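Engineer: Would you mind keeping the following structure in view while I ask a few things?
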Amino acid sequence: MMTRFFAAVLFLTLGACTTQRNFYVLSPIGKPPVDGRGPGIGIGPVVLADYLVERPYVAFQSSPNKLEISDLHEWAGDPKDDFSRVLASNMGRRMKSGNVRTYPWDRESELRYTVSVDVRQFHGTADGDALLEASWRAYAIPGSRLLASRTTTLREPLEGDGFEALVAAQSRLIDRLAGVIASKLK
C-alpha cells in the first residue's frame with residue numbers, strides 16, 4: 001500500500017498528465033453536543049509549522065529531509081483554521097460540551113479551559129502513515145493555571161492509497177490529539 005501511495009505522489013509531483021486540482025478538508029470524528037451546555041473550552045491560538053502555512057498543499061515526507069507536494073492537491077481553506085475547527089469539534093465531543101470556541105473568543109470569563117497548540121509536523125510519511133507532532137498547553141480559567149504542557153507525537157496508518165486517505169488519517173490524528181488533551185482536563 002505505501003509503495004503505491006509513494007509512487008502516486010511522485011507521479012503527481014513530477015507532472016502527471018491530468019490538470020484536475022483536488023481540494024481537501026479535515027473532518028471531525030462524530031458530532032459534538034449541539035446545546036451550549038458543558039464546560040467552556042477555548043481552542044487556540046493554534047500555530048502551524050511554516051511549511052503548512054506558506055504553501056496550501058497537502059504534504060508528504062519522502063525522506064528525512066525532503067517533503068513532496070503537488071499543486072494538484074491543496075487544502076480547501078486555511079489549514080490553521082481547519083485544524084482549529086476540527087480540534088474544537090472533537091474536544092466538544094470528548095468533553096461532552098457544546099460550549100467550545102476557537103481563538104479569538106469574545107469573553108474569556110465564559111471559559112473553563114483554554115488550549116494552545118503548536119503543530120510542528122503534520123504530513124504523510126514514506127512508511128504509509130500520517131504524522132502529527134504538536135506541543136500543547138492546557139490552562140484552567142480563571143487565573144490561567146497551567147494544567148498540562150506536553151509534546152505529543154502520533155502516527156496513524158493510511159487506510160488506502162492517495163491524498164484522500166492521507167487527509168482522512170490526519171483527521172483521525174486530530175481526534176486522537178483531542179483525546180490526549182481531554183484526558184488532562186477531566
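Labeling convention for the C-alpha cells: chains A, B, ... as they appear, residues from 1 per chain, ligands from 1 in order of appearance.
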Which polymer residues have any atom within 8 Å of an atom of Ser84 in chain A, counting only C-alpha atoms, with same-chain residues fewer than 3 positions away left out, as a compact mmCIF listing (two decimals) with N, CA and C atoms, in the first residue's frame?

Structural biologist:
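As written to disk, around.txt reads:
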# COMPACT_ATOMS: atom_id res chain seq x y z
N ILE A 43 -10.18 26.92 22.19
CA ILE A 43 -9.10 26.27 21.43
C ILE A 43 -8.33 27.35 20.70
N GLY A 44 -7.07 27.51 21.07
CA GLY A 44 -6.22 28.46 20.37
C GLY A 44 -5.44 29.33 21.33
N VAL A 46 -3.84 28.39 17.67
CA VAL A 46 -3.19 27.25 17.03
C VAL A 46 -2.18 27.82 16.04
N LYS A 80 -4.74 26.25 9.15
CA LYS A 80 -4.79 26.57 10.59
C LYS A 80 -6.23 26.65 11.07
N ASP A 81 -7.08 27.32 10.31
CA ASP A 81 -8.49 27.42 10.69
C ASP A 81 -9.16 26.06 10.65
N LEU A 87 -10.26 20.34 15.74
CA LEU A 87 -9.86 20.09 17.13
C LEU A 87 -10.96 20.53 18.08
N ALA A 88 -11.56 21.69 17.84
CA ALA A 88 -12.64 22.19 18.70
C ALA A 88 -13.83 21.24 18.67
N THR A 102 -13.24 28.69 19.12
CA THR A 102 -11.88 28.82 18.59
C THR A 102 -11.41 30.26 18.78

Engineer: When you count only C-alpha atoms, which of these residues is closest to Arg55 in chain A: A:Val25, A:Pro79, A:Pro32, A:Asp118?

Structural biologist: A:Pro79

Engineer: Rounded to one decimal place, report the CA of Gly124 in chain A-CA of Ala165 in chain A distance in Å.

Structural biologist: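 So the two atoms, CA of Gly124 in chain A and CA of Ala165 in chain A, lie 9.8 Å apart.
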
Engineer: Please provide as a VMD selection string all residues within 9 Å of Gly92 in chain A, with the sequence filter that same-chain residues fewer than 5 positions apart are discarded (counting only C-alpha atoms).

Structural biologist: chain A and resid 31 to 33 38 to 39 41 87 97 to 100

Engineer: Using only N, CA and C atoms, please write the residues we just selected to a file, as an mmCIF file, in the first residue's frame.

Structural biologist:
data_model
loop_
_atom_site.group_PDB
_atom_site.id
_atom_site.type_symbol
_atom_site.label_atom_id
_atom_site.label_comp_id
_atom_site.auth_asym_id
_atom_site.auth_seq_id
_atom_site.Cartn_x
_atom_site.Cartn_y
_atom_site.Cartn_z
ATOM 1 N N LYS A 31 -20.064 13.755 16.165
ATOM 2 C CA LYS A 31 -20.663 15.076 16.318
ATOM 3 C C LYS A 31 -20.624 15.485 17.781
ATOM 4 N N PRO A 32 -20.237 16.737 18.042
ATOM 5 C CA PRO A 32 -20.246 17.214 19.432
ATOM 6 C C PRO A 32 -21.671 17.516 19.874
ATOM 7 N N PRO A 33 -21.890 17.661 21.176
ATOM 8 C CA PRO A 33 -23.220 18.062 21.642
ATOM 9 C C PRO A 33 -23.632 19.377 20.986
ATOM 10 N N GLY A 38 -22.133 22.255 29.091
ATOM 11 C CA GLY A 38 -20.809 21.665 29.228
ATOM 12 C C GLY A 38 -19.780 22.739 29.516
ATOM 13 N N PRO A 39 -18.596 22.321 29.876
ATOM 14 C CA PRO A 39 -17.565 23.308 30.217
ATOM 15 C C PRO A 39 -17.180 24.157 29.000
ATOM 16 N N ILE A 41 -14.717 25.754 26.621
ATOM 17 C CA ILE A 41 -13.353 25.408 26.214
ATOM 18 C C ILE A 41 -12.954 26.314 25.066
ATOM 19 N N LEU A 87 -10.262 20.339 15.742
ATOM 20 C CA LEU A 87 -9.861 20.086 17.127
ATOM 21 C C LEU A 87 -10.962 20.534 18.084
ATOM 22 N N SER A 97 -19.315 18.755 25.600
ATOM 23 C CA SER A 97 -19.598 20.182 25.699
ATOM 24 C C SER A 97 -19.976 20.756 24.331
ATOM 25 N N GLY A 98 -21.055 21.496 24.316
ATOM 26 C CA GLY A 98 -21.435 22.258 23.133
ATOM 27 C C GLY A 98 -20.975 23.693 23.256
ATOM 28 N N ASN A 99 -20.061 23.937 24.183
ATOM 29 C CA ASN A 99 -19.600 25.282 24.506
ATOM 30 C C ASN A 99 -18.094 25.400 24.217
ATOM 31 N N VAL A 100 -17.707 25.097 22.972
ATOM 32 C CA VAL A 100 -16.301 25.139 22.583
ATOM 33 C C VAL A 100 -16.118 26.234 21.545
#

Engineer: Would you give me, as number ranges by chain, the residues in range 43-95 of chain A that DSSP reads as alpha helix (DSSP H)?

Structural biologist: A: 50-53, 79-95

Engineer: Please provide as JSON, numbers by chain all residues within 12 Å of Arg107 in chain A, with the sequence filter that same-chain residues fewer than 4 positions apart are discarded (counting only C-alpha atoms).

Structural biologist: {"A": [40, 41, 42, 101, 102, 103, 111, 112, 114, 141, 142]}

Engineer: Identify which of the residues A:Arg21, A:Lys96, A:Arg137, A:Arg120 lies closest to Leu154 in chain A, counting only C-alpha atoms when measuring atom-to-atom distances.

Structural biologist: A:Arg120

Engineer: Within 12 Å of range 64-66 of chain A, counting only C-alpha atoms, which residues show up once you throw out same-chain ones fewer than 3 positions away? Write them as an mmCIF file with N, CA and C atoms, in the first residue's frame, please.

Structural biologist:
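Output file part-v1.cif is given in full below:
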data_model
loop_
_atom_site.group_PDB
_atom_site.id
_atom_site.type_symbol
_atom_site.label_atom_id
_atom_site.label_comp_id
_atom_site.auth_asym_id
_atom_site.auth_seq_id
_atom_site.Cartn_x
_atom_site.Cartn_y
_atom_site.Cartn_z
ATOM 1 N N TYR A 51 5.900 25.319 6.864
ATOM 2 C CA TYR A 51 5.689 24.561 5.623
ATOM 3 C C TYR A 51 4.215 24.220 5.393
ATOM 4 N N ALA A 59 1.080 17.788 2.234
ATOM 5 C CA ALA A 59 2.498 17.425 2.173
ATOM 6 C C ALA A 59 2.716 15.950 2.511
ATOM 7 N N PHE A 60 3.762 15.407 1.907
ATOM 8 C CA PHE A 60 4.174 14.022 2.096
ATOM 9 C C PHE A 60 5.694 14.017 2.249
ATOM 10 N N GLN A 61 6.206 13.435 3.335
ATOM 11 C CA GLN A 61 7.646 13.393 3.574
ATOM 12 C C GLN A 61 8.204 12.113 2.977
ATOM 13 N N ILE A 69 5.273 17.816 -2.495
ATOM 14 C CA ILE A 69 3.964 18.441 -2.602
ATOM 15 C C ILE A 69 3.558 18.447 -4.068
ATOM 16 N N HIS A 123 1.901 15.681 8.277
ATOM 17 C CA HIS A 123 2.053 15.265 6.884
ATOM 18 C C HIS A 123 2.057 13.742 6.790
ATOM 19 N N GLY A 124 2.107 13.248 5.564
ATOM 20 C CA GLY A 124 2.253 11.823 5.324
ATOM 21 C C GLY A 124 3.718 11.431 5.385
ATOM 22 N N THR A 125 3.973 10.131 5.594
ATOM 23 C CA THR A 125 5.346 9.640 5.676
ATOM 24 C C THR A 125 5.562 8.515 4.662
ATOM 25 N N ALA A 126 6.815 8.228 4.409
ATOM 26 C CA ALA A 126 7.174 7.156 3.481
ATOM 27 C C ALA A 126 6.802 5.777 4.020
ATOM 28 N N ASP A 127 6.499 5.688 5.326
ATOM 29 C CA ASP A 127 6.092 4.411 5.935
ATOM 30 C C ASP A 127 4.624 4.086 5.686
#

Engineer: I'd like to know which of A:Met95, A:Val34, A:Leu132, A:Leu72 is closest to Thr19 in chain A, using only C-alpha atoms.

Structural biologist: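 Between A:Met95, A:Val34, A:Leu132, A:Leu72, the residue approaching Thr19 in chain A most closely is A:Leu72.
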
Engineer: List the spatial neighbours of Lys184 in chain A as a PyMOL selection string - criterion: any atom at most 10 Å away, only C-alpha atoms, same-chain residues fewer than 2 positions off excluded.

Structural biologist: chain A and resi 138+147-149+179-182+186

Engineer: As a PyMOL selection string, please: all residues of chain A that backbone DSSP puts in strand (DSSP E).

Structural biologist: chain A and resi 22-24+41-48+57-63+66-75+100-102+113-125+129-140+145-157

Engineer: Identify which of the residues A:Val167, A:Met91, A:Ala49, A:Ala76 lies closest to Asn22 in chain A, counting only C-alpha atoms when measuring atom-to-atom distances.

Structural biologist: A:Ala76

Engineer: Could you check which of A:Ser171, A:Gln121, A:Ser135, A:Ser109 is closest to Pro28 in chain A, using only C-alpha atoms?

Structural biologist: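 Using only C-alpha atoms, Pro28 in chain A sits closest to A:Ser171.
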
Engineer: Point out the residue among A:Gln20, A:Asp50, A:Arg94, A:Ser63 with the least atom-to-atom distance to Ser183 in chain A, counting only C-alpha atoms.

Structural biologist: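 Nearest candidate to Ser183 in chain A out of A:Gln20, A:Asp50, A:Arg94, A:Ser63: A:Arg94.
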
Engineer: Work out how far apart CA of Asp82 in chain A and CA of Ser27 in chain A are and give it in Å to one decimal.

Structural biologist: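 These two atoms are separated by 8.5 Å.
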
Engineer: In Å, with one decimal, what is the gap from CA of Arg176 in chain A to CA of Asp71 in chain A?

Structural biologist: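 CA of Asp71 in chain A lies 28.5 Å from CA of Arg176 in chain A.
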